[in-house]
Each structure stands twice: as C-alpha cells, then as structure tokens.
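Trainee: Next up is a structure, given as structure tokens.
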Amino acid sequence: MDFDSPGLLIGLLVALPAAFLLGWAASRFDLRQFRRADREAPKAYFKGLNLLLNEQTDKAIDAFIEAVQRDPDTSELHFALGNLFRRRGEFERAVRVHQHLLQRADLSPADRDRAQHALAQDFMKAGLFDRAEEAFRALEGTPFETEARLALLALAERSRDWRLAAEEAGALEKSGTGSFATRIAHYHCELAAEADERGDAAAAAALLDQAQAASPQAARPLVQRAQRLSRQGDPNAALVAWEIVRQRCPEAFVRLAGDYAAVAQAAGQGDAARQALLPMFNQAPGIDLLRALALLDGTPPGASPLLMDLLREQPSLSAALELLDTPRASWPDTARQSVRDAVARAARPQQRYRCAGCGFEAQRHFWQCPGCLGWDTFPPQRIEEL
C-alpha cells in the first residue's frame with residue numbers, strides 16, 4: 001500500500017475522527033438507554049412495594065411482573081413475585097417462578113438454596129406433600145436445613161408416620177434446635193397404640209418404655225400403661241399403675257378418675273380409692289371426681305351428697321344436668337338456686353352482641369362498633385339468638 005499518496009492520507013485523516021465520533025455517540029446512546037432502564041426498573045419495583053403496603057395485592061403483582069420483564073436478571077424481584085403468588089393461593093405460578101430461578105446458571109449458591117426453600121413451601125401450601133418432602137430433603141446441609149426438618153416433621157405428623165416423626169424430632173434435638181422430648185414420647189405412644197391394635201403386646205410395652213424414657217414427666221405413657229393393664233384384665237397391676245398416675249400427674253388423673261374407681265372396685269380396693277379421691281374433690285371439686293366417687297358409693301351422681309358442694313363451688317352445666325336427672329322431690333332446698341346459677345354462668349358468654357364486621361363482642365348493643373368503628377354492624381340479636 002502506498003502511504004505516500006496524498007489522497008489516502010486525506011482519507012485517513014477524515015475517517016479516523018469520524019470513527020471516533022461514531023463510537024463515542026454509540027457509547028453515549030447505550031449509556032442513556034442503560035440509565036433509562038435502570039430508572040424505570042426501580043420505579044416499577046417501588047410502585048409494587050407501595051401497592052403491597054397498601055394491601056393492593058393484585059396491582060402489586062402487575063407492577064412486579066412489569067419490573068421482572070424490564071430486568072429479568074434480578075433474582076430479588078422473582079422472589080418477591082413468587083411469594084406474592086403463594087400468598088394469593090396461585091401456587092402453580094409461584095412454582096413456575098421459583099423453578100425458573102433454579103434453572104438459572106448464574107444464580108448464586110445462597111439464592112439457589114433460597115429458591116429451593118421457596119419451592120418447597122409452594123408445594124407444601126399447594127397440598128403436594130410428596131413433592132414438598134422431596135424439595136425439603138434437598139435442603140439438607142444448607143442454611144435452611146432446620147426449617148426444612150421442622151417442615152418434614154409436620155409432614156410426618158400429618159401423614160401419621162410416627163417412626164419418621166420420631167427420627168426427625170431426634171435429629172432436630174441433636175442439632176440443638178430445642179427439646180422435642182414430649183413430642184417423641186407422644187410418637188412412641190401412638191406406635192404403642194398401633195401395636196396394641198395389631199395384637200403385639202410385647203412391642204406395645206417396649207414402646208411405652210421408650211416413651212417414658214424419652215420424657216419421664218409425661219403423663220400419657222403412664223396413663224396408656226394403666227389402661228392397657230385394665231384391658232388385659234389385671235386389676236391389681238392396673239391399680240398400681242393408676243396410683244402412679246395419681247401421684248405423679250394429678251391434673252391428668254382427674255379426667256380419668258372414673259377408670260381408676262372401676263379398677264379399684266374390681267380389685268376390691270373401693271374404700272382405699274374413696275379415701276384417695278375425697279381429698280382431691282374437697283381441694284378442687286369437679287364432675288369427673290364426683291362421678292368416680294358416686295361409682296365407688298354405688299349411687300347415681302345426681303343422688304350424691306357431694307353434688308350440692310360441686311354446684312356451689314363450680315356451678316357447671318354438667319353438674320346441673322346430673323341434678324336434673326334425679327326426681328325433683330329429692331332436691332334439697334338450695335338446689336333450684338344452684339341450678340339457676342349454673343345456667344346463668346353458662347349462658348353469660350352467649351348473652352353478648354357480636355359485631356358482624358370485626359367480631360368484637362359486648363354485653364350491650366352499640367350503633368357504632370368500638371372495635372372497627374363500623375356503623376350498624378351489631379345485629380339486634382344476641383349471639384344465642386342468631
């Protein structure tokens with residue numbers, strides 16, 4: 001090439017500045033386009049956030065979709081959109097958003113774990129429990145492992161897979177999440193009940209031992225053991241087991257005092273049982289203790305002399321019904337007033353007015369609800385009249 005040609009030199013001198021100007025103009029154009037897109041994307045994002053704060057979920061979703069379309073590489077917008085879909089019950093759309101995130105090759109490991117956790121929640125909310133379990137198990141070894149195990153524990157309980165539930169609870173306890181001793185005891189008790197239904201008494205007894213070892217203070221293993229002995233026709237052994245329940249777990253024992261009384265009668269220990277139950281009734285009168293004592297006395301509960309004490313101390317409808325089942329002629333003088341007190345106490349919660357707007361309850365009628373400030377939201381009828 002002849003660089004000494006004057007025409008060529010002039011052409012180069014003209015072309016080089018022109019190329020420079022064209023390059024500079026193109027870069028400025030791209031920069032302006034980038035700045036415009038950068039301004040528009042946050043604008044759509046903040047618009048959606050504002051709508052969300054104002055509880056306008058539908059419009060917020062439209063705004064976030066617009067923001068995602070303008071900036072498809074922003075993972076935070078995808079997470080926000082997916083969570084909104086889940087909250088609205090649009091689980092298929094939420095699943096698609098989070099699956100799209102997981103398919104991105106440029107997603108960071110932290111965001112990938114987050115998307116996996118969100119996808120598992122989508123499946124859980126949608127009732128797709130098999131897929132939810134698979135998605136939660138994929139989170140093992142991630143920062144979401146504890147949350148995933150708690151969800152797997154809930155799934156195991158829902159499906160009544162008590163062995164799996166015990167394993168998950170044990171793993172959570174070993175990880176330092178907290179104590180699951182009471183839950184584990186219940187799981188073993190459920191397994192013991194299933195073993196009893198199969199007729200496997202040895203397995204049931206062993207499972208109850210495991211339950212008691214897991215939570216020595218739990219009432220259920222002791223109660224279930226006493227009930228098993230009662231069903232097996234061994235009243236003496238059952239009475240010993242019920243005595244352990246009475247001494248260690250008196251609150252749980254009261255509800256089952258009738259079973260204790262029946263076993264005591266079968267073992268010929270009715271008087272001793274009455275001596276054990278009477279102080280408990282005097283300290284905290286209750287209908288279950290009254291019925292147990294009446295069983296030991298061989299009289300109907302309504303004819304028990306302790307019934308009036310119960311109505312005076314605890315005027316309940318259950319006690320009033322026991323009295324109403326007895327002939328009116330045998331009522332003591334204070335019986336009518338005791339029954340009235342029991343009915344009045346039971347009726348009091350039903351003699352309220354309830355706001356149809358917010359559920360606020362009040363003893364008197366309001367034209368304007370003190371709770372939600374709505375007008376004419378109180379119906380003219382009381383709760384018991386609706």
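Lettering and numbering for the structure tokens are positional, with chains as A, B, ... in the shown order, residues counted from 1 in each chain, and ligands counted from 1 in the shown order.
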Hey, what's within 12 Å of A:Leu150 if we count only C-alpha atoms and toss same-chain stuff fewer than 2 positions away? As number ranges by chain, please?
Mentor: A: 133, 136-137, 139-140, 144-148, 152-157, 165-173, 175, 177-178, 180
Trainee: Which value, in Å to one decimal, gives the distance between atom CA of A:Ala237 and atom CA of A:Asn282?
Mentor: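 The value is 27.5 Å.
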Trainee: Determine which residues of stretch 89-280 of chain A receive a DSSP assignment of helix (DSSP H, G or I), computed from the backbone, and state them as a ChimeraX atom specification.
Mentor: /A:91-102,109-126,129-137,145-158,162-174,181-198,201-214,220-231,235-248,250-255,257-266,270-280
Trainee: Pick from A:Ala362, A:Ser179, A:Ala356, A:Pro327: nearest to A:Thr377, with only C-alpha atoms counted?
Mentor: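 Answer, going by the shortest atom-to-atom distance: A:Ala356.
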